[in-house]
Each structure stands twice: as structure tokens, then as C-alpha cells.
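Visitor: What follows is my_file-v1.pdb, PDB, C-alpha atoms and all ligand atoms.
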```pdb
MODEL        1
ATOM      1  CA  MET A   1      58.487 108.949  86.994
ATOM      2  CA  GLY A   2      61.759 110.736  87.205
ATOM      3  CA  ILE A   3      63.638 113.112  84.962
ATOM      4  CA  ALA A   4      65.101 111.343  81.921
ATOM      5  CA  ALA A   5      68.881 111.387  81.486
ATOM      6  CA  GLU A   6      70.275 111.574  77.971
ATOM      7  CA  LEU A   7      73.446 110.187  76.456
ATOM      8  CA  VAL A   8      76.292 112.670  75.956
ATOM      9  CA  LEU A   9      79.201 110.299  75.278
ATOM     10  CA  ASP A  10      78.790 106.805  73.860
ATOM     11  CA  ALA A  11      81.985 105.713  75.621
ATOM     12  CA  ARG A  12      81.164 101.980  75.961
ATOM     13  CA  ALA A  13      83.257 101.835  79.111
ATOM     14  CA  GLU A  14      83.557  98.477  80.838
ATOM     15  CA  LEU A  15      83.149 100.060  84.246
ATOM     16  CA  GLY A  16      82.689 103.822  84.034
ATOM     17  CA  GLU A  17      83.083 105.445  87.456
ATOM     18  CA  GLY A  18      84.575 108.255  89.496
ATOM     19  CA  ALA A  19      82.854 111.267  87.888
ATOM     20  CA  ILE A  20      84.258 114.614  89.084
ATOM     21  CA  TRP A  21      84.059 118.056  87.486
ATOM     22  CA  ASN A  22      87.326 119.945  87.095
ATOM     23  CA  SER A  23      86.201 123.580  87.324
ATOM     24  CA  ARG A  24      89.620 124.912  86.357
ATOM     25  CA  GLU A  25      89.666 123.062  83.035
ATOM     26  CA  GLN A  26      85.877 122.788  82.597
ATOM     27  CA  VAL A  27      86.129 119.071  81.896
ATOM     28  CA  LEU A  28      84.629 115.977  83.459
ATOM     29  CA  TYR A  29      87.208 113.554  84.787
ATOM     30  CA  TRP A  30      86.051 109.964  85.012
ATOM     31  CA  VAL A  31      87.617 106.516  85.040
ATOM     32  CA  ASP A  32      87.041 103.120  83.458
ATOM     33  CA  ILE A  33      88.109 100.967  86.393
ATOM     34  CA  THR A  34      88.622  97.617  84.697
ATOM     35  CA  GLY A  35      89.531  99.302  81.405
ATOM     36  CA  CYS A  36      92.499 100.822  83.346
ATOM     37  CA  LYS A  37      91.914 104.277  81.892
ATOM     38  CA  VAL A  38      91.398 107.850  83.055
ATOM     39  CA  HIS A  39      89.167 110.031  80.869
ATOM     40  CA  ALA A  40      88.751 113.800  80.545
ATOM     41  CA  PHE A  41      85.526 114.645  78.729
ATOM     42  CA  ASP A  42      85.020 118.173  77.408
ATOM     43  CA  PRO A  43      81.279 118.766  76.920
ATOM     44  CA  ALA A  44      81.963 121.943  74.921
ATOM     45  CA  THR A  45      83.742 120.050  72.145
ATOM     46  CA  GLY A  46      82.570 116.496  72.767
ATOM     47  CA  ALA A  47      86.201 115.360  72.944
ATOM     48  CA  ASP A  48      87.110 112.622  75.422
ATOM     49  CA  ARG A  49      90.822 112.441  76.212
ATOM     50  CA  ILE A  50      91.913 108.949  77.290
ATOM     51  CA  ILE A  51      94.936 108.261  79.488
ATOM     52  CA  PRO A  52      95.870 104.605  80.038
ATOM     53  CA  VAL A  53      97.264 104.052  83.535
ATOM     54  CA  GLY A  54      98.203 100.375  83.263
ATOM     55  CA  GLU A  55      96.163  98.949  86.137
ATOM     56  CA  PRO A  56      92.641  99.176  87.571
ATOM     57  CA  VAL A  57      91.894 102.759  88.632
ATOM     58  CA  GLY A  58      89.088 103.400  91.125
ATOM     59  CA  THR A  59      88.881 107.166  91.082
ATOM     60  CA  ILE A  60      90.603 110.439  90.190
ATOM     61  CA  VAL A  61      90.770 113.816  91.928
ATOM     62  CA  PRO A  62      92.429 117.053  90.840
ATOM     63  CA  ARG A  63      95.600 118.071  92.659
ATOM     64  CA  ARG A  64      96.219 121.658  93.769
ATOM     65  CA  SER A  65      99.900 121.532  92.819
ATOM     66  CA  GLY A  66      99.040 120.333  89.317
ATOM     67  CA  GLY A  67      98.003 117.107  87.668
ATOM     68  CA  ALA A  68      95.809 114.655  89.487
ATOM     69  CA  MET A  69      95.802 111.972  92.142
ATOM     70  CA  ILE A  70      94.375 108.535  91.452
ATOM     71  CA  ALA A  71      93.618 105.444  93.515
ATOM     72  CA  VAL A  72      94.818 102.400  91.606
ATOM     73  CA  LYS A  73      95.255  98.698  92.284
ATOM     74  CA  ARG A  74      98.641  99.338  93.952
ATOM     75  CA  GLY A  75      97.554 102.253  96.106
ATOM     76  CA  PHE A  76      97.397 106.033  96.040
ATOM     77  CA  ALA A  77      99.297 107.553  93.131
ATOM     78  CA  SER A  78     100.014 110.828  91.392
ATOM     79  CA  LEU A  79      99.211 111.134  87.692
ATOM     80  CA  ASN A  80     100.929 113.526  85.327
ATOM     81  CA  LEU A  81      98.222 114.268  82.749
ATOM     82  CA  ASP A  82     100.759 115.329  80.118
ATOM     83  CA  THR A  83     103.374 112.586  80.358
ATOM     84  CA  TRP A  84     100.968 109.918  81.720
ATOM     85  CA  GLU A  85     103.497 109.082  84.448
ATOM     86  CA  VAL A  86     101.924 107.211  87.382
ATOM     87  CA  ARG A  87     103.880 107.387  90.634
ATOM     88  CA  ILE A  88     102.713 105.338  93.622
ATOM     89  CA  VAL A  89     102.887 107.418  96.805
ATOM     90  CA  ALA A  90     101.344 105.007  99.342
ATOM     91  CA  ASP A  91     100.241 101.378  99.242
ATOM     92  CA  PRO A  92      98.490 100.509 102.503
ATOM     93  CA  GLU A  93      97.415  97.064 101.255
ATOM     94  CA  VAL A  94     100.640  95.759  99.770
ATOM     95  CA  HIS A  95      99.950  92.556 101.761
ATOM     96  CA  MET A  96      96.492  92.057 100.151
ATOM     97  CA  PRO A  97      97.048  91.315  96.432
ATOM     98  CA  ASP A  98      93.378  90.423  95.826
ATOM     99  CA  ASN A  99      92.180  93.891  96.871
ATOM    100  CA  ARG A 100      91.949  96.981  94.727
ATOM    101  CA  PHE A 101      91.057 100.591  95.352
ATOM    102  CA  ASN A 102      87.558 101.704  94.422
ATOM    103  CA  ASP A 103      85.732 105.044  94.767
ATOM    104  CA  GLY A 104      87.080 108.091  96.632
ATOM    105  CA  LYS A 105      87.067 111.889  96.842
ATOM    106  CA  CYS A 106      88.829 114.737  98.657
ATOM    107  CA  ASP A 107      87.497 116.236 101.874
ATOM    108  CA  PRO A 108      87.145 119.979 102.569
ATOM    109  CA  ALA A 109      90.704 120.098 103.976
ATOM    110  CA  GLY A 110      92.169 118.545 100.817
ATOM    111  CA  ARG A 111      92.771 115.029 102.162
ATOM    112  CA  PHE A 112      92.152 112.231  99.647
ATOM    113  CA  TRP A 113      89.825 109.488 100.957
ATOM    114  CA  ALA A 114      89.464 106.229  99.038
ATOM    115  CA  GLY A 115      88.458 102.711  99.968
ATOM    116  CA  THR A 116      89.216  99.194  98.886
ATOM    117  CA  MET A 117      87.379  95.982  98.044
ATOM    118  CA  ALA A 118      88.281  92.385  97.301
ATOM    119  CA  MET A 119      88.217  91.459  93.619
ATOM    120  CA  ARG A 120      87.489  87.751  94.090
ATOM    121  CA  GLY A 121      86.507  85.122  96.631
ATOM    122  CA  GLU A 122      84.651  85.999  99.811
ATOM    123  CA  ARG A 123      84.499  89.784  99.756
ATOM    124  CA  LYS A 124      82.632  90.512 102.944
ATOM    125  CA  GLY A 125      84.520  92.847 105.234
ATOM    126  CA  LYS A 126      87.801  92.582 103.318
ATOM    127  CA  GLY A 127      88.001  96.260 102.421
ATOM    128  CA  SER A 128      88.946  99.405 104.310
ATOM    129  CA  LEU A 129      88.578 103.146 103.943
ATOM    130  CA  TYR A 130      91.854 105.091 103.861
ATOM    131  CA  CYS A 131      92.802 108.739 103.985
ATOM    132  CA  LEU A 132      95.855 110.154 102.235
ATOM    133  CA  PHE A 133      96.991 113.325 103.990
ATOM    134  CA  PRO A 134      98.596 116.230 102.087
ATOM    135  CA  ASP A 135     102.020 115.180 103.507
ATOM    136  CA  LEU A 136     101.446 111.802 101.746
ATOM    137  CA  SER A 137     101.070 109.881 104.992
ATOM    138  CA  VAL A 138      98.147 107.436 104.932
ATOM    139  CA  LYS A 139      95.816 106.326 107.686
ATOM    140  CA  ARG A 140      93.143 103.624 107.838
ATOM    141  CA  MET A 141      89.870 105.285 108.860
ATOM    142  CA  LEU A 142      87.473 102.289 108.738
ATOM    143  CA  ASP A 143      87.898  98.543 108.420
ATOM    144  CA  GLY A 144      85.416  95.708 107.819
ATOM    145  CA  VAL A 145      84.151  97.373 104.629
ATOM    146  CA  THR A 146      82.904  95.186 101.772
ATOM    147  CA  THR A 147      82.515  97.501  98.740
ATOM    148  CA  SER A 148      83.814 100.963  99.596
ATOM    149  CA  ASN A 149      82.009 103.457  97.390
ATOM    150  CA  GLY A 150      80.547 106.969  97.361
ATOM    151  CA  ILE A 151      81.777 109.615  99.785
ATOM    152  CA  ALA A 152      80.683 113.239 100.286
ATOM    153  CA  TRP A 153      80.686 115.993 102.918
ATOM    154  CA  SER A 154      77.893 118.205 104.176
ATOM    155  CA  LEU A 155      77.994 121.901 103.287
ATOM    156  CA  ASP A 156      78.771 122.881 106.887
ATOM    157  CA  ARG A 157      81.746 120.447 106.796
ATOM    158  CA  LYS A 158      80.600 118.695 109.962
ATOM    159  CA  THR A 159      79.232 115.466 108.487
ATOM    160  CA  MET A 160      80.741 112.873 106.174
ATOM    161  CA  TYR A 161      78.472 110.616 104.112
ATOM    162  CA  TYR A 162      79.726 107.214 103.044
ATOM    163  CA  ILE A 163      78.438 104.185 101.149
ATOM    164  CA  ASP A 164      79.493 100.569 101.681
ATOM    165  CA  THR A 165      77.311  99.206  98.878
ATOM    166  CA  PRO A 166      76.002  95.866 100.272
ATOM    167  CA  THR A 167      74.637  97.644 103.348
ATOM    168  CA  LEU A 168      72.130  99.453 101.045
ATOM    169  CA  THR A 169      72.701 102.470 103.286
ATOM    170  CA  VAL A 170      74.254 105.919 103.163
ATOM    171  CA  TRP A 171      76.046 106.277 106.487
ATOM    172  CA  ALA A 172      76.684 109.567 108.234
ATOM    173  CA  PHE A 173      79.614 110.316 110.546
ATOM    174  CA  ASP A 174      80.536 113.325 112.610
ATOM    175  CA  TYR A 175      83.558 114.742 110.788
ATOM    176  CA  ASP A 176      86.272 116.974 112.212
ATOM    177  CA  GLU A 177      87.766 119.089 109.464
ATOM    178  CA  SER A 178      90.909 120.013 111.382
ATOM    179  CA  SER A 179      91.992 116.434 112.124
ATOM    180  CA  GLY A 180      89.978 114.420 109.574
ATOM    181  CA  SER A 181      88.679 112.128 112.307
ATOM    182  CA  ILE A 182      85.221 110.557 111.994
ATOM    183  CA  SER A 183      82.901 109.251 114.725
ATOM    184  CA  ASN A 184      79.279 108.533 115.663
ATOM    185  CA  ARG A 185      78.314 106.347 112.695
ATOM    186  CA  ARG A 186      74.573 106.253 111.967
ATOM    187  CA  ALA A 187      72.307 105.543 108.986
ATOM    188  CA  ALA A 188      71.267 108.619 106.986
ATOM    189  CA  VAL A 189      69.460 106.984 104.046
ATOM    190  CA  SER A 190      68.325 103.382 103.791
ATOM    191  CA  ALA A 191      66.433 101.908 100.861
ATOM    192  CA  GLY A 192      65.294  98.443  99.864
ATOM    193  CA  ARG A 193      67.012  96.364  97.231
ATOM    194  CA  GLU A 194      64.342  97.380  94.687
ATOM    195  CA  MET A 195      66.121 100.759  94.401
ATOM    196  CA  GLY A 196      69.308  99.037  93.285
ATOM    197  CA  TYR A 197      72.687  99.090  95.022
ATOM    198  CA  PRO A 198      73.934 102.492  96.203
ATOM    199  CA  ASP A 199      77.227 103.309  94.500
ATOM    200  CA  GLY A 200      78.728 106.767  93.845
ATOM    201  CA  MET A 201      77.393 109.966  95.391
ATOM    202  CA  THR A 202      77.594 113.756  95.241
ATOM    203  CA  VAL A 203      76.126 116.689  97.173
ATOM    204  CA  ASP A 204      74.236 119.737  95.823
ATOM    205  CA  GLU A 205      74.155 123.355  96.938
ATOM    206  CA  GLU A 206      71.103 122.664  99.143
ATOM    207  CA  GLY A 207      72.976 119.931 100.998
ATOM    208  CA  MET A 208      70.961 117.127  99.426
ATOM    209  CA  ILE A 209      72.753 113.986  98.247
ATOM    210  CA  TRP A 210      72.517 112.356  94.812
ATOM    211  CA  VAL A 211      73.175 108.621  94.844
ATOM    212  CA  ALA A 212      73.846 106.448  91.778
ATOM    213  CA  TYR A 213      72.127 103.035  91.922
ATOM    214  CA  TRP A 214      73.969 100.073  90.396
ATOM    215  CA  GLU A 215      71.432  97.707  88.799
ATOM    216  CA  GLY A 216      68.885 100.395  89.627
ATOM    217  CA  TRP A 217      68.654 102.361  86.330
ATOM    218  CA  LYS A 218      68.729 105.651  88.231
ATOM    219  CA  VAL A 219      70.232 108.382  90.358
ATOM    220  CA  ALA A 220      68.158 109.404  93.383
ATOM    221  CA  ARG A 221      68.181 112.657  95.337
ATOM    222  CA  TRP A 222      67.762 112.277  99.100
ATOM    223  CA  ASP A 223      67.483 114.578 102.073
ATOM    224  CA  PRO A 224      70.180 113.149 104.372
ATOM    225  CA  ARG A 225      68.709 114.875 107.424
ATOM    226  CA  ASN A 226      65.506 112.816 107.395
ATOM    227  CA  GLY A 227      66.175 110.044 104.857
ATOM    228  CA  ARG A 228      63.421 111.199 102.496
ATOM    229  CA  LEU A 229      63.506 110.463  98.773
ATOM    230  CA  LEU A 230      63.080 113.739  96.857
ATOM    231  CA  GLU A 231      63.575 112.964  93.187
ATOM    232  CA  THR A 232      64.916 110.444  90.702
ATOM    233  CA  VAL A 233      66.762 110.700  87.396
ATOM    234  CA  ASP A 234      66.073 107.727  85.112
ATOM    235  CA  VAL A 235      69.064 106.379  83.183
ATOM    236  CA  PRO A 236      68.724 104.021  80.189
ATOM    237  CA  ALA A 237      71.396 101.674  81.578
ATOM    238  CA  ALA A 238      71.112  99.370  84.583
ATOM    239  CA  ARG A 239      74.556  99.833  86.077
ATOM    240  CA  VAL A 240      74.581 103.444  87.148
ATOM    241  CA  SER A 241      77.821 103.974  89.052
ATOM    242  CA  SER A 242      78.577 107.618  89.903
ATOM    243  CA  CYS A 243      77.474 111.186  89.311
ATOM    244  CA  ALA A 244      78.831 114.731  89.551
ATOM    245  CA  PHE A 245      77.504 118.188  88.821
ATOM    246  CA  GLY A 246      79.405 120.041  86.128
ATOM    247  CA  GLY A 247      79.231 122.715  83.495
ATOM    248  CA  PRO A 248      79.977 126.446  83.908
ATOM    249  CA  LYS A 249      77.027 126.803  86.311
ATOM    250  CA  LEU A 250      77.402 123.371  87.947
ATOM    251  CA  ASP A 251      73.802 122.695  86.924
ATOM    252  CA  THR A 252      74.368 119.627  84.759
ATOM    253  CA  LEU A 253      74.397 116.223  86.430
ATOM    254  CA  TYR A 254      76.862 113.925  84.659
ATOM    255  CA  ILE A 255      76.347 110.221  85.216
ATOM    256  CA  THR A 256      78.701 107.293  84.569
ATOM    257  CA  THR A 257      77.537 103.769  83.760
ATOM    258  CA  ALA A 258      78.968 100.329  83.121
ATOM    259  CA  ARG A 259      78.311  97.798  80.410
ATOM    260  CA  GLY A 260      76.482  94.563  81.091
ATOM    261  CA  GLU A 261      78.153  91.222  80.890
ATOM    262  CA  GLY A 262      78.320  91.594  77.145
ATOM    263  CA  GLY A 263      75.554  89.215  76.089
ATOM    264  CA  PRO A 264      73.447  90.160  73.063
ATOM    265  CA  GLU A 265      70.337  90.658  75.214
ATOM    266  CA  ASP A 266      72.168  93.219  77.303
ATOM    267  CA  GLY A 267      73.129  95.046  74.152
ATOM    268  CA  LYS A 268      69.561  95.180  72.906
ATOM    269  CA  SER A 269      67.985  96.425  76.073
ATOM    270  CA  GLN A 270      70.644  99.001  76.958
ATOM    271  CA  PRO A 271      72.683  99.767  73.855
ATOM    272  CA  HIS A 272      74.457 102.740  75.444
ATOM    273  CA  ALA A 273      75.470 101.079  78.715
ATOM    274  CA  GLY A 274      78.980 102.235  79.528
ATOM    275  CA  GLY A 275      78.177 105.719  78.259
ATOM    276  CA  ILE A 276      78.156 109.087  80.007
ATOM    277  CA  PHE A 277      74.685 110.538  80.508
ATOM    278  CA  MET A 278      73.477 113.959  81.604
ATOM    279  CA  ALA A 279      70.408 115.627  83.069
ATOM    280  CA  LYS A 280      69.476 119.135  84.192
ATOM    281  CA  PRO A 281      67.440 118.368  87.282
ATOM    282  CA  GLY A 282      67.041 121.957  88.471
ATOM    283  CA  ALA A 283      69.659 121.699  91.222
ATOM    284  CA  ARG A 284      73.260 122.839  91.277
ATOM    285  CA  GLY A 285      76.354 121.197  92.641
ATOM    286  CA  VAL A 286      79.221 122.615  94.631
ATOM    287  CA  PRO A 287      82.868 122.724  93.497
ATOM    288  CA  ALA A 288      84.803 119.529  94.139
ATOM    289  CA  PHE A 289      87.668 119.642  96.628
ATOM    290  CA  GLU A 290      91.221 119.200  95.338
ATOM    291  CA  PHE A 291      94.043 117.220  96.908
ATOM    292  CA  ALA A 292      96.072 119.732  98.897
ATOM    293  CA  GLY A 293      99.415 117.906  98.671
TER     294      GLY A 293
HETATM  295 CA    CA A 301      81.626 102.681  92.523
ENDMDL
END
```
How does this structure look as C-alpha cells?
Ligand code: CA
Guide:
Amino acid sequence: MGIAAELVLDARAELGEGAIWNSREQVLYWVDITGCKVHAFDPATGADRIIPVGEPVGTIVPRRSGGAMIAVKRGFASLNLDTWEVRIVADPEVHMPDNRFNDGKCDPAGRFWAGTMAMRGERKGKGSLYCLFPDLSVKRMLDGVTTSNGIAWSLDRKTMYYIDTPTLTVWAFDYDESSGSISNRRAAVSAGREMGYPDGMTVDEEGMIWVAYWEGWKVARWDPRNGRLLETVDVPAARVSSCAFGGPKLDTLYITTARGEGGPEDGKSQPHAGGIFMAKPGARGVPAFEFAG
């Protein structure tokens, strides 16, 4: 038995994702990928600001120079949170119209990493992982990815963790902060399909990783040094997609979910699927990195 998560926002998102705490504003940014919307949820007031961005949006990160960066169907983009202007800054897959961007986060040096996946047809190996540098140049870091998802860095900034969902594995890479290069891929956490499909991920102040499990009804805390399962947070929705620590003390785990296929049975068994949930699992997160450009 794990800790029970509780509903904090009955958002009914189609595909809630991309949770990240904005410490400056004390709000939770998140996205509804297929709903084509960015959200900013303020737990203090319960208000959820909604910004339509006009196309599927895989993730959002705060930007040091103001506003935010997003990864949308057409590539990496800047988002003005006041005027809602979306400006594409790099589209590395302009030749692949069936792909879209999915999850991503910034690394300790302020580079924005995000990966892609095919939306239809044979998806295996069609995606890649890209890195947007602060000068807005973009580089492909991995290819042959199927469903590019959670990404996080170790506290000592020497290891990058990465999830390509169908592999059921959290991969670790040696990471060089000065150049952004990654090498020496190996498995850090592997679990059977009964856990669900690993999706989004975050790291806590003890260096442990928290992984959201799609079709798994949970978030699980793992020790990435030895692959041991430490704890689970039970979520009353099957499609658990991402998580992030937030709140003034970074001690609240916020969890995004997606709705089912919309059938009445889905509605009965998980009426709040697509909502934002929270738990206080006794751990604390670390501040999210901003895009340095
Ligand atoms: Ca995801």
C-alpha cells in the first residue's frame, strides 16, 4: 500500500502532462497536450489560468529572460504568458509531419531538452531527443526513440536520467554539464509491465527519482543507484503522466493525469481522471532549472 494522492484540481484534461513548479510565481505549470493548452495552477487560490497555444504542446519550462519556452507540434517555441504569442524558434523535424514533441525539461546549464514521438502508424524508433541551447541552436542528442518522456538530472549534475516509455526502463547517461554531451547509456531502473508504463519523472533532494506510471495508477520512488523501489503514491486515475514537487517548501508532489477513452465505464471507475492530484510523501524536491536563453 502506498500513500494516497488526493484531487486538488478537477481539470478533466484530455492529456494532462508536463508538471513543473515555478518557484518565482509559486504556481504549477502544466500542459494538456492534445487539448493544446498551457495551464498555470495556483494552489493558494485554486485558480487555474488557461492559455490556448493552438497546437499540441508537450511540455513547458520557465525562461530566465521572462515568459516560458514550450515544445509544440512544430518545434521549440517561446510563449509570452501575457499576450499568448507563440513564436517557433527551432523545428528540427519539419520533414516529419506525423511527429510531435512530447515531454522535456531544462538541464542544470539551462539547455532545454525535449523529445519527439510519432502520432500515428508504426511508432517504433521514429522519435528523437533534442536539445535547444541558450543561443537557440538545436542539436539531436539521441535517435531511435519511440516515446520520448521523462528526463531529470542527478544532484551532482553528472548523470542524466531518461525514459523512452516502451522500454519500461529509466536509462542513465554520463552527462557533461559544460558541453551537454551524454554517453555511457545503461539501465538505472527496470520494472515489469505490471507497474504500468514509465512516463514523466522528477528528482528529490535525496537524489531519488519519482516516476509517473501511465496505466499504472501510481507514482513510484526509486533509488537510481541500485534500482530499488522505495515507495509508491497511489492515484485514483489509471493514466498517471507526470509529477513535480511544489509549494513554498517543495514538499508537495503534484501529479498530472489523463482521461480515459471517454466511455461511461471509464467515468465510473475514475471520475476525476484528467485532474491534478497531490500528496505529501515526506520528501522534498529541488528547484526546476530555467531555460537560460
Ligand atoms: Ca509524458
Visitor: Please write out the residues within 8 Å of ligand CA 301 (chain A) as a list in words, counting all atoms listed in the file.
Guide: Glu17, Gly18, Gly58, Asn102, Asp103, Ser148, Asn149, Gly150, Asp199, Gly200, Ser241 and Ser242 of chain A
Visitor: Between A:Thr34, A:Ser128, A:Ser190, A:Thr159, single out the one closest to Thr116 (chain A), counting all atoms listed in the file.
Guide: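 Selected residue with least distance to Thr116 (chain A): A:Ser128.
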Visitor: For the structure provided, state which residues fall under the PyMOL selection byres (((chain A and resi 66) around 12) and not hetatm), and present them as a list in words.
Guide: Asn22, Arg24, Glu25, Val61, Pro62, Arg63, Arg64, Ser65, Gly67, Ala68, Met69, Ser78, Leu79, Asn80, Leu81, Asp82, Glu290, Phe291, Ala292 and Gly293 of chain A
Visitor: Given the selection you just returned, output its residues as a file containing C-alpha atoms, formatted as a PDB file, keeping the file's coordinate frame.
Guide:
```pdb
ATOM      1  CA  ASN A  22      87.326 119.945  87.095  1.00  0.00           C
ATOM      2  CA  ARG A  24      89.620 124.912  86.357  1.00  0.00           C
ATOM      3  CA  GLU A  25      89.666 123.062  83.035  1.00  0.00           C
ATOM      4  CA  VAL A  61      90.770 113.816  91.928  1.00  0.00           C
ATOM      5  CA  PRO A  62      92.429 117.053  90.840  1.00  0.00           C
ATOM      6  CA  ARG A  63      95.600 118.071  92.659  1.00  0.00           C
ATOM      7  CA  ARG A  64      96.219 121.658  93.769  1.00  0.00           C
ATOM      8  CA  SER A  65      99.900 121.532  92.819  1.00  0.00           C
ATOM      9  CA  GLY A  67      98.003 117.107  87.668  1.00  0.00           C
ATOM     10  CA  ALA A  68      95.809 114.655  89.487  1.00  0.00           C
ATOM     11  CA  MET A  69      95.802 111.972  92.142  1.00  0.00           C
ATOM     12  CA  SER A  78     100.014 110.828  91.392  1.00  0.00           C
ATOM     13  CA  LEU A  79      99.211 111.134  87.692  1.00  0.00           C
ATOM     14  CA  ASN A  80     100.929 113.526  85.327  1.00  0.00           C
ATOM     15  CA  LEU A  81      98.222 114.268  82.749  1.00  0.00           C
ATOM     16  CA  ASP A  82     100.759 115.329  80.118  1.00  0.00           C
ATOM     17  CA  GLU A 290      91.221 119.200  95.338  1.00  0.00           C
ATOM     18  CA  PHE A 291      94.043 117.220  96.908  1.00  0.00           C
ATOM     19  CA  ALA A 292      96.072 119.732  98.897  1.00  0.00           C
ATOM     20  CA  GLY A 293      99.415 117.906  98.671  1.00  0.00           C
TER      21      GLY A 293
END
```
Visitor: Of the candidates A:Ala273, A:Ser23, A:Lys249, A:Arg221, which shows the shortest atom-to-atom distance to Ile3 (chain A), using all atoms listed in the file?
Guide: A:Arg221
Visitor: Quick one: what's the axis-aligned box for region 101-106 of chain A, all listed atoms, 5 Å on every side, centre and edges in Å to one decimal, as JSON?
Guide:
```
{"center_x": 88.4, "center_y": 107.7, "center_z": 96.5, "size_x": 15.3, "size_y": 24.1, "size_z": 14.2}
```
Visitor: On this file, the PyMOL selection byres (((chain A and resi 87-98) around 7) and not hetatm) gives some set of residues; write that set as number ranges by chain.
Guide: A: 74-79, 85-86, 99-100, 118-120, 136, 138
Visitor: Could you pull the residues within 10 Å of region 108-113 of chain A, counting only C-alpha atoms, minus those fewer than 6 positions along the same chain, as a VMD selection string?
Guide: chain A and resid 60 to 61 63 to 64 69 to 71 76 129 to 136 138 to 141 151 to 158 176 to 180 288 to 293
Visitor: Neighbouring residues of Asp42 (chain A) were defined as those with any atom within 8 Å, considering only C-alpha atoms; residues of the same chain fewer than 3 positions away were excluded. Please report them as a count of residues only.
Guide: 7
Visitor: Could you work out how far CA of Ser269 (chain A) lies from CA of Leu168 (chain A), giving the answer in Å with one decimal?
Guide: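 Value for the CA of Leu168 (chain A)-CA of Ser269 (chain A) distance: 25.5 Å.
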Visitor: For Gly275 (chain A), find every residue with an atom within 10 Å (counting all atoms listed in the file), except residues of its own chain fewer than 4 positions away, and show them as a ChimeraX atom specification.
Guide: /A:6-16,236-237,240,255-259,271
Visitor: Rounded to one decimal place, report the CA of Pro166 (chain A)-CA of Val211 (chain A) distance in Å.
Guide: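 Separation of CA of Pro166 (chain A) and CA of Val211 (chain A): 14.1 Å.
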Visitor: Please indicate the distance in Å from CA of Glu231 (chain A) to CA of His39 (chain A), rounded to one decimal place.
Guide: 28.6 Å
Visitor: Can you turn the PyMOL selection byres (((chain A and resi 172) around 8) and not hetatm) into a concrete residue list for this file, as an mmCIF file with C-alpha atoms, in the frame of the given file?
Guide:
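The result, written out as result_38.cif:
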```cif
data_model
loop_
_atom_site.group_PDB
_atom_site.id
_atom_site.type_symbol
_atom_site.label_atom_id
_atom_site.label_comp_id
_atom_site.auth_asym_id
_atom_site.auth_seq_id
_atom_site.Cartn_x
_atom_site.Cartn_y
_atom_site.Cartn_z
ATOM 1 C CA THR A 159 79.232 115.466 108.487
ATOM 2 C CA MET A 160 80.741 112.873 106.174
ATOM 3 C CA TYR A 161 78.472 110.616 104.112
ATOM 4 C CA TYR A 162 79.726 107.214 103.044
ATOM 5 C CA VAL A 170 74.254 105.919 103.163
ATOM 6 C CA TRP A 171 76.046 106.277 106.487
ATOM 7 C CA PHE A 173 79.614 110.316 110.546
ATOM 8 C CA ASP A 174 80.536 113.325 112.610
ATOM 9 C CA ASN A 184 79.279 108.533 115.663
ATOM 10 C CA ARG A 185 78.314 106.347 112.695
ATOM 11 C CA ARG A 186 74.573 106.253 111.967
ATOM 12 C CA ALA A 187 72.307 105.543 108.986
ATOM 13 C CA ALA A 188 71.267 108.619 106.986
#
```
